[in-house]
file run-v9.pdb (PDB, C-alpha atoms)
ATOM      1  CA  MET G1297     108.688  81.416  87.913
ATOM      2  CA  LYS G1298     106.506  78.789  89.578
ATOM      3  CA  VAL G1299     103.554  79.681  91.776
ATOM      4  CA  SER G1300     101.288  77.491  93.872
ATOM      5  CA  VAL G1301      97.828  78.817  94.724
ATOM      6  CA  LEU G1302      96.311  77.048  97.716
ATOM      7  CA  GLY G1303      92.534  77.263  97.578
ATOM      8  CA  ALA G1304      90.353  76.878  94.508
ATOM      9  CA  GLY G1305      87.497  79.166  95.478
ATOM     10  CA  GLY G1306      86.656  82.238  93.449
ATOM     11  CA  TRP G1307      89.650  84.295  94.588
ATOM     12  CA  GLY G1308      92.182  81.490  94.254
ATOM     13  CA  THR G1309      90.911  80.733  90.765
ATOM     14  CA  ALA G1310      90.954  84.396  89.720
ATOM     15  CA  LEU G1311      94.502  84.878  91.007
ATOM     16  CA  SER G1312      95.652  81.707  89.249
ATOM     17  CA  ILE G1313      94.366  83.076  85.953
ATOM     18  CA  LEU G1314      95.952  86.487  86.600
ATOM     19  CA  LEU G1315      99.324  84.933  87.445
ATOM     20  CA  HIS G1316      99.133  82.762  84.333
ATOM     21  CA  ASP G1317      98.406  85.885  82.278
ATOM     22  CA  ASN G1318     101.586  87.373  83.770
ATOM     23  CA  GLY G1319     103.667  84.439  82.553
ATOM     24  CA  ALA G1320     103.963  82.362  85.722
ATOM     25  CA  GLY G1321     103.719  78.596  85.816
ATOM     26  CA  VAL G1322     100.721  78.035  88.088
ATOM     27  CA  THR G1323      99.501  75.065  90.096
ATOM     28  CA  LEU G1324      96.056  75.454  91.671
ATOM     29  CA  TRP G1325      95.363  73.295  94.724
ATOM     30  CA  ALA G1326      91.808  72.216  95.570
ATOM     31  CA  TYR G1327      90.963  70.579  98.896
ATOM     32  CA  LYS G1328      88.745  67.820  97.497
ATOM     33  CA  GLN G1329      89.994  65.332  94.897
ATOM     34  CA  GLU G1330      86.708  65.217  92.999
ATOM     35  CA  TYR G1331      86.574  69.013  92.854
ATOM     36  CA  ALA G1332      90.133  69.193  91.499
ATOM     37  CA  LYS G1333      89.205  66.609  88.852
ATOM     38  CA  GLU G1334      86.135  68.614  87.851
ATOM     39  CA  LEU G1335      88.121  71.838  87.519
ATOM     40  CA  SER G1336      90.858  70.099  85.571
ATOM     41  CA  GLU G1337      88.443  68.541  83.119
ATOM     42  CA  SER G1338      85.855  71.298  82.686
ATOM     43  CA  ARG G1339      88.324  74.219  82.872
ATOM     44  CA  GLU G1340      85.637  76.265  84.595
ATOM     45  CA  ASN G1341      84.921  77.005  88.245
ATOM     46  CA  LYS G1342      81.181  76.632  87.909
ATOM     47  CA  ASN G1343      80.481  77.149  91.614
ATOM     48  CA  TYR G1344      82.297  80.449  92.066
ATOM     49  CA  LEU G1345      83.235  81.915  88.663
ATOM     50  CA  PRO G1346      80.831  80.534  86.075
ATOM     51  CA  GLY G1347      81.726  81.470  82.530
ATOM     52  CA  VAL G1348      85.390  82.174  83.301
ATOM     53  CA  ILE G1349      87.769  79.806  81.510
ATOM     54  CA  ILE G1350      90.738  78.346  83.381
ATOM     55  CA  PRO G1351      93.653  78.127  80.895
ATOM     56  CA  HIS G1352      94.760  74.558  80.234
ATOM     57  CA  GLN G1353      98.333  75.465  81.243
ATOM     58  CA  ILE G1354      97.201  75.855  84.875
ATOM     59  CA  LYS G1355      97.691  72.552  86.642
ATOM     60  CA  VAL G1356      94.970  71.580  89.118
ATOM     61  CA  THR G1357      95.684  69.102  91.910
ATOM     62  CA  SER G1358      94.334  67.979  95.282
ATOM     63  CA  ASP G1359      97.807  66.883  96.425
ATOM     64  CA  ILE G1360      99.122  69.777  98.515
ATOM     65  CA  PHE G1361     102.681  68.446  98.479
ATOM     66  CA  GLU G1362     102.614  68.249  94.687
ATOM     67  CA  ALA G1363     101.356  71.834  94.632
ATOM     68  CA  VAL G1364     103.976  73.405  96.876
ATOM     69  CA  GLU G1365     107.043  71.279  96.103
ATOM     70  CA  PRO G1366     108.248  73.189  92.994
ATOM     71  CA  ALA G1367     106.857  76.611  93.921
ATOM     72  CA  GLU G1368     108.920  79.739  94.518
ATOM     73  CA  PHE G1369     105.783  81.623  95.576
ATOM     74  CA  ILE G1370     102.895  80.146  97.572
ATOM     75  CA  VAL G1371      99.601  82.040  97.522
ATOM     76  CA  VAL G1372      97.313  81.200 100.436
ATOM     77  CA  SER G1373      93.703  81.662  99.393
ATOM     78  CA  ILE G1374      92.062  79.468 102.027
ATOM     79  CA  PRO G1375      89.317  80.766 104.366
ATOM     80  CA  SER G1376      91.072  82.132 107.439
ATOM     81  CA  GLN G1377      89.597  79.671 109.950
ATOM     82  CA  TYR G1378      91.100  76.761 107.975
ATOM     83  CA  VAL G1379      94.550  78.182 107.200
ATOM     84  CA  ARG G1380      96.256  76.582 110.205
ATOM     85  CA  GLU G1381      94.611  73.208 109.584
ATOM     86  CA  GLN G1382      95.755  73.055 105.962
ATOM     87  CA  LEU G1383      99.248  74.446 106.519
ATOM     88  CA  SER G1384      99.816  71.971 109.344
ATOM     89  CA  THR G1385      99.827  69.195 106.722
ATOM     90  CA  ILE G1386     102.951  70.754 105.155
ATOM     91  CA  ALA G1387     104.447  72.133 108.364
ATOM     92  CA  GLU G1388     107.681  70.141 107.984
ATOM     93  CA  VAL G1389     108.432  71.373 104.441
ATOM     94  CA  ASP G1390     111.347  73.790 104.187
ATOM     95  CA  PHE G1391     109.857  77.158 103.219
ATOM     96  CA  SER G1392     112.751  79.264 104.523
ATOM     97  CA  ASN G1393     113.629  80.582 101.053
ATOM     98  CA  ARG G1394     110.149  80.748  99.542
ATOM     99  CA  ILE G1395     107.627  83.563  99.625
ATOM    100  CA  PHE G1396     104.197  83.141 101.205
ATOM    101  CA  ILE G1397     101.474  85.501  99.959
ATOM    102  CA  ASN G1398      98.369  85.516 102.137
ATOM    103  CA  THR G1399      95.039  86.665 100.722
ATOM    104  CA  ALA G1400      92.765  85.328 103.492
ATOM    105  CA  LYS G1401      90.873  88.115 105.289
ATOM    106  CA  GLY G1402      90.110  87.051 108.816
ATOM    107  CA  ILE G1403      91.260  86.608 112.404
ATOM    108  CA  GLU G1404      91.557  83.126 113.875
ATOM    109  CA  THR G1405      88.821  82.830 116.488
ATOM    110  CA  THR G1406      90.576  80.290 118.716
ATOM    111  CA  THR G1407      93.809  82.278 119.134
ATOM    112  CA  LEU G1408      92.806  85.807 118.016
ATOM    113  CA  SER G1409      95.804  85.658 115.661
ATOM    114  CA  THR G1410      96.140  87.388 112.313
ATOM    115  CA  MET G1411      97.229  85.223 109.402
ATOM    116  CA  SER G1412     100.902  86.239 109.602
ATOM    117  CA  ASP G1413     101.027  84.852 113.138
ATOM    118  CA  VAL G1414      99.151  81.714 112.070
ATOM    119  CA  VAL G1415     101.596  81.042 109.225
ATOM    120  CA  GLU G1416     104.670  81.687 111.359
ATOM    121  CA  SER G1417     103.463  79.537 114.263
ATOM    122  CA  THR G1418     102.427  76.638 112.004
ATOM    123  CA  LEU G1419     105.345  76.236 109.608
ATOM    124  CA  LYS G1420     108.541  74.867 111.157
ATOM    125  CA  LYS G1421     110.958  76.251 108.547
ATOM    126  CA  PHE G1422     109.724  79.696 107.608
ATOM    127  CA  ASN G1423     111.297  83.161 107.469
ATOM    128  CA  ARG G1424     108.922  85.987 108.418
ATOM    129  CA  LYS G1425     110.631  88.381 106.009
ATOM    130  CA  ASN G1426     109.214  86.157 103.247
ATOM    131  CA  TYR G1427     105.611  86.743 104.335
ATOM    132  CA  VAL G1428     103.440  89.101 102.292
ATOM    133  CA  VAL G1429      99.781  90.001 102.647
ATOM    134  CA  LEU G1430      97.811  91.028  99.554
ATOM    135  CA  SER G1431      94.592  92.909 100.182
ATOM    136  CA  GLY G1432      92.313  95.627  98.859
ATOM    137  CA  PRO G1433      89.013  96.135  96.996
ATOM    138  CA  SER G1434      89.204  93.161  94.665
ATOM    139  CA  HIS G1435      86.216  90.954  93.957
ATOM    140  CA  ALA G1436      87.170  87.782  92.106
ATOM    141  CA  GLU G1437      84.185  88.188  89.785
ATOM    142  CA  GLU G1438      85.698  91.404  88.415
ATOM    143  CA  VAL G1439      89.412  90.528  88.474
ATOM    144  CA  SER G1440      88.695  87.339  86.508
ATOM    145  CA  ARG G1441      86.940  89.461  83.888
ATOM    146  CA  ILE G1442      89.881  91.874  83.625
ATOM    147  CA  MET G1443      88.200  94.813  85.354
ATOM    148  CA  PRO G1444      90.765  97.452  86.472
ATOM    149  CA  THR G1445      91.631  96.780  90.124
ATOM    150  CA  ALA G1446      94.112  98.207  92.631
ATOM    151  CA  VAL G1447      95.431  96.376  95.704
ATOM    152  CA  VAL G1448      98.258  96.660  98.212
ATOM    153  CA  VAL G1449     100.952  94.182  99.242
ATOM    154  CA  ALA G1450     102.656  94.524 102.618
ATOM    155  CA  SER G1451     105.776  92.934 104.033
ATOM    156  CA  ILE G1452     108.327  93.771 106.703
ATOM    157  CA  HIS G1453     110.951  93.263 103.985
ATOM    158  CA  GLU G1454     110.724  95.777 101.131
ATOM    159  CA  GLU G1455     112.543  93.582  98.626
ATOM    160  CA  THR G1456     110.058  90.767  99.215
ATOM    161  CA  ALA G1457     107.111  93.108  98.709
ATOM    162  CA  GLU G1458     108.672  94.400  95.501
ATOM    163  CA  ARG G1459     109.080  90.868  94.134
ATOM    164  CA  VAL G1460     105.420  90.171  94.826
ATOM    165  CA  ARG G1461     104.389  93.474  93.251
ATOM    166  CA  LYS G1462     106.203  92.484  90.048
ATOM    167  CA  LEU G1463     104.638  89.018  90.160
ATOM    168  CA  PHE G1464     101.050  90.326  90.249
ATOM    169  CA  MET G1465     101.039  93.743  88.614
ATOM    170  CA  ASN G1466      99.792  94.181  85.054
ATOM    171  CA  ALA G1467      97.615  96.496  82.968
ATOM    172  CA  TYR G1468      94.414  95.599  84.850
ATOM    173  CA  PHE G1469      95.818  94.783  88.315
ATOM    174  CA  ARG G1470      97.739  97.638  89.929
ATOM    175  CA  VAL G1471      99.747  96.850  93.074
ATOM    176  CA  TYR G1472     100.953  99.329  95.699
ATOM    177  CA  LEU G1473     103.534  98.672  98.434
ATOM    178  CA  ASN G1474     103.204  98.991 102.205
ATOM    179  CA  ASN G1475     105.250  97.841 105.200
ATOM    180  CA  ASP G1476     102.372  97.748 107.712
ATOM    181  CA  VAL G1477     101.570  94.027 107.653
ATOM    182  CA  ARG G1478      99.372  94.184 110.759
ATOM    183  CA  GLY G1479      97.377  97.145 109.458
ATOM    184  CA  VAL G1480      96.739  95.615 106.046
ATOM    185  CA  GLU G1481      95.680  92.324 107.630
ATOM    186  CA  LEU G1482      93.340  93.971 110.111
ATOM    187  CA  GLY G1483      91.795  96.344 107.596
ATOM    188  CA  GLY G1484      90.938  93.489 105.263
ATOM    189  CA  SER G1485      89.553  91.394 108.106
ATOM    190  CA  LEU G1486      87.592  93.883 110.199
ATOM    191  CA  LYS G1487      85.883  95.646 107.287
ATOM    192  CA  ASN G1488      83.867  92.455 106.761
ATOM    193  CA  ILE G1489      82.094  93.103 110.067
ATOM    194  CA  ILE G1490      81.059  96.559 108.875
ATOM    195  CA  ALA G1491      79.865  95.017 105.617
ATOM    196  CA  LEU G1492      77.626  92.768 107.701
ATOM    197  CA  ALA G1493      76.358  95.897 109.463
ATOM    198  CA  ALA G1494      75.694  97.596 106.113
ATOM    199  CA  GLY G1495      73.799  94.544 104.940
ATOM    200  CA  ILE G1496      71.754  94.354 108.134
ATOM    201  CA  SER G1497      70.889  98.013 107.618
ATOM    202  CA  ASP G1498      69.721  97.306 104.059
ATOM    203  CA  GLY G1499      67.722  94.265 105.085
ATOM    204  CA  ALA G1500      66.041  96.135 107.928
ATOM    205  CA  GLY G1501      64.947  98.885 105.549
ATOM    206  CA  PHE G1502      67.239 101.714 106.626
ATOM    207  CA  GLY G1503      68.579 104.211 104.108
ATOM    208  CA  ASP G1504      71.760 105.490 102.509
ATOM    209  CA  ASN G1505      72.346 107.930 105.358
ATOM    210  CA  THR G1506      72.352 105.029 107.793
ATOM    211  CA  LYS G1507      74.778 102.980 105.739
ATOM    212  CA  ALA G1508      77.144 105.938 105.329
ATOM    213  CA  ALA G1509      77.130 106.480 109.086
ATOM    214  CA  LEU G1510      77.836 102.799 109.764
ATOM    215  CA  MET G1511      80.698 102.756 107.262
ATOM    216  CA  THR G1512      82.310 105.930 108.586
ATOM    217  CA  ARG G1513      81.976 105.153 112.265
ATOM    218  CA  GLY G1514      82.822 101.540 111.526
ATOM    219  CA  MET G1515      86.160 102.653 110.118
ATOM    220  CA  THR G1516      86.721 104.571 113.355
ATOM    221  CA  GLU G1517      86.249 101.338 115.293
ATOM    222  CA  ILE G1518      88.595  99.458 112.941
ATOM    223  CA  SER G1519      91.276 102.123 113.397
ATOM    224  CA  ARG G1520      90.776 102.150 117.165
ATOM    225  CA  LEU G1521      91.391  98.419 117.481
ATOM    226  CA  GLY G1522      94.087  98.412 114.826
ATOM    227  CA  GLU G1523      96.232 101.001 116.556
ATOM    228  CA  ILE G1524      96.056  99.110 119.850
ATOM    229  CA  LEU G1525      97.250  95.992 118.013
ATOM    230  CA  GLY G1526     100.199  97.808 116.454
ATOM    231  CA  ALA G1527      98.876  99.011 113.103
ATOM    232  CA  HIS G1528      99.481 102.456 111.604
ATOM    233  CA  GLN G1529      96.372 104.625 111.392
ATOM    234  CA  ARG G1530      97.238 105.833 107.876
ATOM    235  CA  THR G1531      96.920 102.274 106.557
ATOM    236  CA  PHE G1532      93.192 102.334 107.234
ATOM    237  CA  SER G1533      92.730 105.279 104.875
ATOM    238  CA  GLY G1534      94.255 103.249 102.035
ATOM    239  CA  LEU G1535      93.201 100.430  99.750
ATOM    240  CA  SER G1536      93.146  97.732 102.431
ATOM    241  CA  GLY G1537      91.111  99.953 104.739
ATOM    242  CA  ILE G1538      88.582 102.418 103.363
ATOM    243  CA  GLY G1539      88.994 101.045  99.829
ATOM    244  CA  ASP G1540      88.059  97.510 100.768
ATOM    245  CA  LEU G1541      85.366  98.786 103.140
ATOM    246  CA  ILE G1542      83.616 100.701 100.356
ATOM    247  CA  VAL G1543      83.479  97.819  97.903
ATOM    248  CA  THR G1544      82.502  95.232 100.520
ATOM    249  CA  CYS G1545      79.686  97.359 101.909
ATOM    250  CA  MET G1546      78.317  98.404  98.515
ATOM    251  CA  SER G1547      78.897  95.602  96.005
ATOM    252  CA  ARG G1548      76.398  93.028  94.859
ATOM    253  CA  TYR G1549      79.260  90.524  94.941
ATOM    254  CA  SER G1550      79.876  90.977  98.674
ATOM    255  CA  ARG G1551      79.072  87.808 100.608
ATOM    256  CA  ASN G1552      79.254  89.590 103.944
ATOM    257  CA  ARG G1553      76.864  92.338 102.874
ATOM    258  CA  TYR G1554      74.489  89.693 101.499
ATOM    259  CA  VAL G1555      74.525  87.670 104.714
ATOM    260  CA  GLY G1556      73.859  90.807 106.740
ATOM    261  CA  GLU G1557      71.027  91.819 104.436
ATOM    262  CA  GLN G1558      69.308  88.463 104.787
ATOM    263  CA  VAL G1559      69.646  88.495 108.577
ATOM    264  CA  GLY G1560      68.421  92.095 108.667
ATOM    265  CA  ALA G1561      65.337  91.001 106.750
ATOM    266  CA  GLY G1562      64.499  88.474 109.466
ATOM    267  CA  ARG G1563      66.194  85.226 108.462
ATOM    268  CA  SER G1564      68.381  83.278 110.879
ATOM    269  CA  LEU G1565      72.143  83.308 110.442
ATOM    270  CA  ASN G1566      72.318  79.508 110.229
ATOM    271  CA  GLU G1567      69.691  79.430 107.503
ATOM    272  CA  VAL G1568      71.559  82.000 105.411
ATOM    273  CA  LEU G1569      74.977  80.396 105.860
ATOM    274  CA  GLY G1570      73.517  77.028 104.944
ATOM    275  CA  GLU G1571      72.535  78.179 101.481
ATOM    276  CA  ILE G1572      75.587  80.140 100.323
ATOM    277  CA  LYS G1573      78.488  78.340  98.671
ATOM    278  CA  MET G1574      81.276  80.691  99.702
ATOM    279  CA  VAL G1575      82.532  81.647 103.157
ATOM    280  CA  ALA G1576      81.449  84.955 104.689
ATOM    281  CA  GLU G1577      84.630  85.680 106.648
ATOM    282  CA  GLY G1578      83.034  88.486 108.662
ATOM    283  CA  VAL G1579      80.855  86.116 110.680
ATOM    284  CA  ALA G1580      83.761  84.458 112.488
ATOM    285  CA  THR G1581      85.728  87.718 112.541
ATOM    286  CA  THR G1582      82.879  89.385 114.451
ATOM    287  CA  GLN G1583      83.407  86.942 117.310
ATOM    288  CA  ALA G1584      87.183  87.441 117.212
ATOM    289  CA  ALA G1585      86.826  91.228 117.190
ATOM    290  CA  MET G1586      84.487  91.135 120.174
ATOM    291  CA  SER G1587      87.022  89.055 122.091
ATOM    292  CA  LEU G1588      89.811  91.479 121.188
ATOM    293  CA  ALA G1589      87.690  94.481 122.183
ATOM    294  CA  ARG G1590      87.004  92.957 125.592
ATOM    295  CA  LYS G1591      90.622  91.898 126.042
ATOM    296  CA  HIS G1592      91.927  95.404 125.347
ATOM    297  CA  ASP G1593      88.926  97.278 126.826
ATOM    298  CA  ILE G1594      88.122  99.040 123.550
ATOM    299  CA  GLU G1595      84.745 100.544 122.733
ATOM    300  CA  MET G1596      83.355  99.045 119.482
ATOM    301  CA  PRO G1597      79.594  99.669 119.597
ATOM    302  CA  ILE G1598      78.832  98.782 115.960
ATOM    303  CA  VAL G1599      80.752  95.511 116.191
ATOM    304  CA  GLU G1600      78.957  94.771 119.466
ATOM    305  CA  GLN G1601      75.529  95.294 117.906
ATOM    306  CA  VAL G1602      76.416  93.182 114.846
ATOM    307  CA  ASN G1603      77.485  90.412 117.213
ATOM    308  CA  SER G1604      74.186  90.671 119.092
ATOM    309  CA  VAL G1605      72.102  90.548 115.916
ATOM    310  CA  LEU G1606      74.005  87.625 114.398
ATOM    311  CA  PHE G1607      74.512  85.414 117.429
ATOM    312  CA  HIS G1608      71.856  86.444 119.944
ATOM    313  CA  GLY G1609      68.865  87.155 117.707
ATOM    314  CA  LYS G1610      68.666  90.844 118.544
ATOM    315  CA  ASP G1611      66.143  92.851 116.542
ATOM    316  CA  PRO G1612      68.064  95.147 114.113
ATOM    317  CA  GLN G1613      65.605  97.947 114.873
ATOM    318  CA  ILE G1614      66.512  97.799 118.557
ATOM    319  CA  ALA G1615      70.217  97.525 117.742
ATOM    320  CA  MET G1616      70.045 100.665 115.610
ATOM    321  CA  ARG G1617      68.043 102.565 118.216
ATOM    322  CA  GLU G1618      70.674 101.751 120.830
ATOM    323  CA  LEU G1619      73.458 102.949 118.538
ATOM    324  CA  MET G1620      71.631 106.197 117.815
ATOM    325  CA  THR G1621      70.745 106.968 121.423
ATOM    326  CA  ARG G1622      74.181 106.466 122.950
ATOM    327  CA  PRO G1623      75.462 109.518 124.897
ATOM    328  CA  GLY G1624      76.714 112.332 122.665
ATOM    329  CA  LYS G1625      80.458 112.677 122.110
ATOM    330  CA  LYS G1626      83.066 114.463 120.008
ATOM    331  CA  GLU G1627      83.729 112.984 116.581
ATOM    332  CA  TYR G1628      87.479 112.840 117.200
TER     333      TYR G1628
END

call {"tool": "encode", "arguments": {"input": "run-v9.pdb", "output": "structure tokens"}}
result
Amino acid sequence: MKVSVLGAGGWGTALSILLHDNGAGVTLWAYKQEYAKELSESRENKNYLPGVIIPHQIKVTSDIFEAVEPAEFIVVSIPSQYVREQLSTIAEVDFSNRIFINTAKGIETTTLSTMSDVVESTLKKFNRKNYVVLSGPSHAEEVSRIMPTAVVVASIHEETAERVRKLFMNAYFRVYLNNDVRGVELGGSLKNIIALAAGISDGAGFGDNTKAALMTRGMTEISRLGEILGAHQRTFSGLSGIGDLIVTCMSRYSRNRYVGEQVGAGRSLNEVLGEIKMVAEGVATTQAAMSLARKHDIEMPIVEQVNSVLFHGKDPQIAMRELMTRPGKKEY
């Protein structure tokens, strides 16, 4: 089987190696020609996965048409705010009988669309039953080093999800099935905001109790918005919800937690973003979530305070005090 992986960041590279290990013929697409040449020659993604060897059988190209033309499966591993832009270049290609697997975790800020809606509205010849989202607690740094990992794939078409499960699953990468596409997408996207909150808490000098409270009540906010948008509440207690939330809020590999920590310690958001190589998806998703909360009149106090700290320079100490002194209420 032939697979095209669009996006040569850490996750795209790790998934390319995993799929190669599973016997697939893999083409890895990189946006910049010089970057594709470097990866092809060095066989190492020095920016994102230093020390991890890219097998020579994996073809690397910067020609997106060359990447997708022979592929039965297309894995989208592009930062969410650029998915539409990149897919628009291949919008006229006939994808009606090919499977799209999205791994981007974000909500488009301009349209407030999840990635399934972005893909469907961008590609002219595309069948929604062939869309799958893959999500869960899965840092590229660990998957590429064969650390046991479990994720979930979701599709409205069970047979499609099963084909993708078989494509990815092996002894170190366990894949579960789900049919709640919206829930899996939202869980993977919105948890990044709570990871920013956890990082801000760390940077501001708060403790483990504080972080646990932010994570737990943050999941309540995720579920609250998710249900309004059509997701199933049970999805948020699974791998793409609480599972991904735990690893993103706690791991040293988490970009979102790191960005939050630096901002919590007093640095400006622009300064922090200017020095990191990878995209912290939660920053843009915070703005999208705030817009969705206002649109649907949903209370999301943690998301609101994260937005204020990131984009309006609010002191994290004041933000936390306001969260803690809100009127008392029942937990459920």

call {"tool": "closest_residue", "arguments": {"input": "run-v9.pdb", "among": "G:Val1371, G:Ile1598, G:Ala1584, G:Leu1419", "to": "Glu1517 (chain G)", "atoms": "all atoms listed in the file"}}
result
G:Ile1598

call {"tool": "closest_atom_pairs", "arguments": {"input": "run-v9.pdb", "of": "region 1502-1615 of chain G", "to": "region 1475-1497 of chain G", "cutoff": "7 Å", "atoms": "all atoms listed in the file", "output": "JSON lines"}}
result
{"residue": "G:Phe1502", "atom": "CA", "partner": "G:Ser1497", "partner_atom": "CA", "distance": 5.3}
{"residue": "G:Lys1507", "atom": "CA", "partner": "G:Ala1494", "partner_atom": "CA", "distance": 5.5}
{"residue": "G:Leu1510", "atom": "CA", "partner": "G:Ala1494", "partner_atom": "CA", "distance": 6.7}
{"residue": "G:Met1511", "atom": "CA", "partner": "G:Ile1490", "partner_atom": "CA", "distance": 6.4}
{"residue": "G:Gly1514", "atom": "CA", "partner": "G:Ile1490", "partner_atom": "CA", "distance": 5.9}
{"residue": "G:Ile1518", "atom": "CA", "partner": "G:Leu1486", "partner_atom": "CA", "distance": 6.3}
{"residue": "G:Gly1522", "atom": "CA", "partner": "G:Gly1479", "partner_atom": "CA", "distance": 6.4}
{"residue": "G:Gly1526", "atom": "CA", "partner": "G:Arg1478", "partner_atom": "CA", "distance": 6.8}
{"residue": "G:Ala1527", "atom": "CA", "partner": "G:Gly1479", "partner_atom": "CA", "distance": 4.4}
{"residue": "G:His1528", "atom": "CA", "partner": "G:Gly1479", "partner_atom": "CA", "distance": 6.1}
{"residue": "G:Thr1531", "atom": "CA", "partner": "G:Gly1479", "partner_atom": "CA", "distance": 5.9}
{"residue": "G:Phe1532", "atom": "CA", "partner": "G:Gly1483", "partner_atom": "CA", "distance": 6.2}
{"residue": "G:Ser1536", "atom": "CA", "partner": "G:Gly1483", "partner_atom": "CA", "distance": 5.5}
{"residue": "G:Gly1537", "atom": "CA", "partner": "G:Gly1483", "partner_atom": "CA", "distance": 4.7}
{"residue": "G:Asp1540", "atom": "CA", "partner": "G:Gly1484", "partner_atom": "CA", "distance": 6.7}
{"residue": "G:Leu1541", "atom": "CA", "partner": "G:Lys1487", "partner_atom": "CA", "distance": 5.2}
{"residue": "G:Thr1544", "atom": "CA", "partner": "G:Ala1491", "partner_atom": "CA", "distance": 5.7}
{"residue": "G:Cys1545", "atom": "CA", "partner": "G:Ala1491", "partner_atom": "CA", "distance": 4.4}
{"residue": "G:Asn1552", "atom": "CA", "partner": "G:Leu1492", "partner_atom": "CA", "distance": 5.2}
{"residue": "G:Arg1553", "atom": "CA", "partner": "G:Gly1495", "partner_atom": "CA", "distance": 4.3}
{"residue": "G:Tyr1554", "atom": "CA", "partner": "G:Gly1495", "partner_atom": "CA", "distance": 6.0}
{"residue": "G:Val1555", "atom": "CA", "partner": "G:Leu1492", "partner_atom": "CA", "distance": 6.7}
{"residue": "G:Gly1556", "atom": "CA", "partner": "G:Gly1495", "partner_atom": "CA", "distance": 4.1}
{"residue": "G:Glu1557", "atom": "CA", "partner": "G:Gly1495", "partner_atom": "CA", "distance": 3.9}
{"residue": "G:Val1559", "atom": "CA", "partner": "G:Ile1496", "partner_atom": "CA", "distance": 6.2}
{"residue": "G:Gly1560", "atom": "CA", "partner": "G:Ile1496", "partner_atom": "CA", "distance": 4.1}
{"residue": "G:Glu1577", "atom": "CA", "partner": "G:Asn1488", "partner_atom": "CA", "distance": 6.8}
{"residue": "G:Gly1578", "atom": "CA", "partner": "G:Asn1488", "partner_atom": "CA", "distance": 4.5}
{"residue": "G:Thr1581", "atom": "CA", "partner": "G:Leu1486", "partner_atom": "CA", "distance": 6.9}
{"residue": "G:Thr1582", "atom": "CA", "partner": "G:Ile1489", "partner_atom": "CA", "distance": 5.8}
{"residue": "G:Val1599", "atom": "CA", "partner": "G:Ile1489", "partner_atom": "CA", "distance": 6.7}
{"residue": "G:Val1602", "atom": "CA", "partner": "G:Ala1493", "partner_atom": "CA", "distance": 6.0}

call {"tool": "atom_distance", "arguments": {"input": "run-v9.pdb", "atom1": "CA of Asn1474 (chain G)", "atom2": "CA of Met1546 (chain G)"}}
result
25.2 Å

call {"tool": "closest_residue", "arguments": {"input": "run-v9.pdb", "among": "G:Val1429, G:Ile1614, G:Leu1569, G:Met1596", "to": "Ile1370 (chain G)", "atoms": "only C-alpha atoms"}}
result
G:Val1429

call {"tool": "resolve_selection", "arguments": {"input": "run-v9.pdb", "expression": "the PyMOL selection byres ((chain G and resi 1410) around 10)", "output": "PDB file with C-alpha atoms, in the frame of the given file"}}
result
ATOM      1  CA  SER G1376      91.072  82.132 107.439  1.00  0.00           C
ATOM      2  CA  ALA G1400      92.765  85.328 103.492  1.00  0.00           C
ATOM      3  CA  LYS G1401      90.873  88.115 105.289  1.00  0.00           C
ATOM      4  CA  GLY G1402      90.110  87.051 108.816  1.00  0.00           C
ATOM      5  CA  ILE G1403      91.260  86.608 112.404  1.00  0.00           C
ATOM      6  CA  GLU G1404      91.557  83.126 113.875  1.00  0.00           C
ATOM      7  CA  THR G1405      88.821  82.830 116.488  1.00  0.00           C
ATOM      8  CA  THR G1407      93.809  82.278 119.134  1.00  0.00           C
ATOM      9  CA  LEU G1408      92.806  85.807 118.016  1.00  0.00           C
ATOM     10  CA  SER G1409      95.804  85.658 115.661  1.00  0.00           C
ATOM     11  CA  MET G1411      97.229  85.223 109.402  1.00  0.00           C
ATOM     12  CA  SER G1412     100.902  86.239 109.602  1.00  0.00           C
ATOM     13  CA  ASP G1413     101.027  84.852 113.138  1.00  0.00           C
ATOM     14  CA  VAL G1414      99.151  81.714 112.070  1.00  0.00           C
ATOM     15  CA  VAL G1415     101.596  81.042 109.225  1.00  0.00           C
ATOM     16  CA  VAL G1477     101.570  94.027 107.653  1.00  0.00           C
ATOM     17  CA  ARG G1478      99.372  94.184 110.759  1.00  0.00           C
ATOM     18  CA  GLU G1481      95.680  92.324 107.630  1.00  0.00           C
ATOM     19  CA  LEU G1482      93.340  93.971 110.111  1.00  0.00           C
ATOM     20  CA  SER G1485      89.553  91.394 108.106  1.00  0.00           C
TER      21      SER G1485
END

call {"tool": "atom_distance", "arguments": {"input": "run-v9.pdb", "atom1": "CA of Lys1328 (chain G)", "atom2": "CA of His1352 (chain G)"}}
result
19.5 Å

call {"tool": "closest_residue", "arguments": {"input": "run-v9.pdb", "among": "G:Gly1609, G:Ala1615, G:Ala1508, G:Arg1394", "to": "Leu1565 (chain G)", "atoms": "all atoms listed in the file"}}
result
G:Gly1609

call {"tool": "closest_residue", "arguments": {"input": "run-v9.pdb", "among": "G:Arg1470, G:Arg1461, G:Arg1530, G:Arg1513", "to": "Ser1434 (chain G)", "atoms": "only C-alpha atoms"}}
result
G:Arg1470

call {"tool": "atom_distance", "arguments": {"input": "run-v9.pdb", "atom1": "CA of Lys1298 (chain G)", "atom2": "CA of Ile1360 (chain G)"}}
result
14.7 Å

call {"tool": "residues_around", "arguments": {"input": "run-v9.pdb", "residues": "Arg1551 (chain G)", "least_positions_apart": "5", "cutoff": "8 Å", "atoms": "all atoms listed in the file", "output": "number ranges by chain"}}
result
G: 1574-1576

call {"tool": "write_last_selection", "arguments": {"input": "run-v9.pdb", "atoms": "C-alpha atoms", "output": "PDB file, keeping the file's coordinate frame"}}
result
ATOM      1  CA  MET G1574      81.276  80.691  99.702  1.00  0.00           C
ATOM      2  CA  VAL G1575      82.532  81.647 103.157  1.00  0.00           C
ATOM      3  CA  ALA G1576      81.449  84.955 104.689  1.00  0.00           C
TER       4      ALA G1576
END
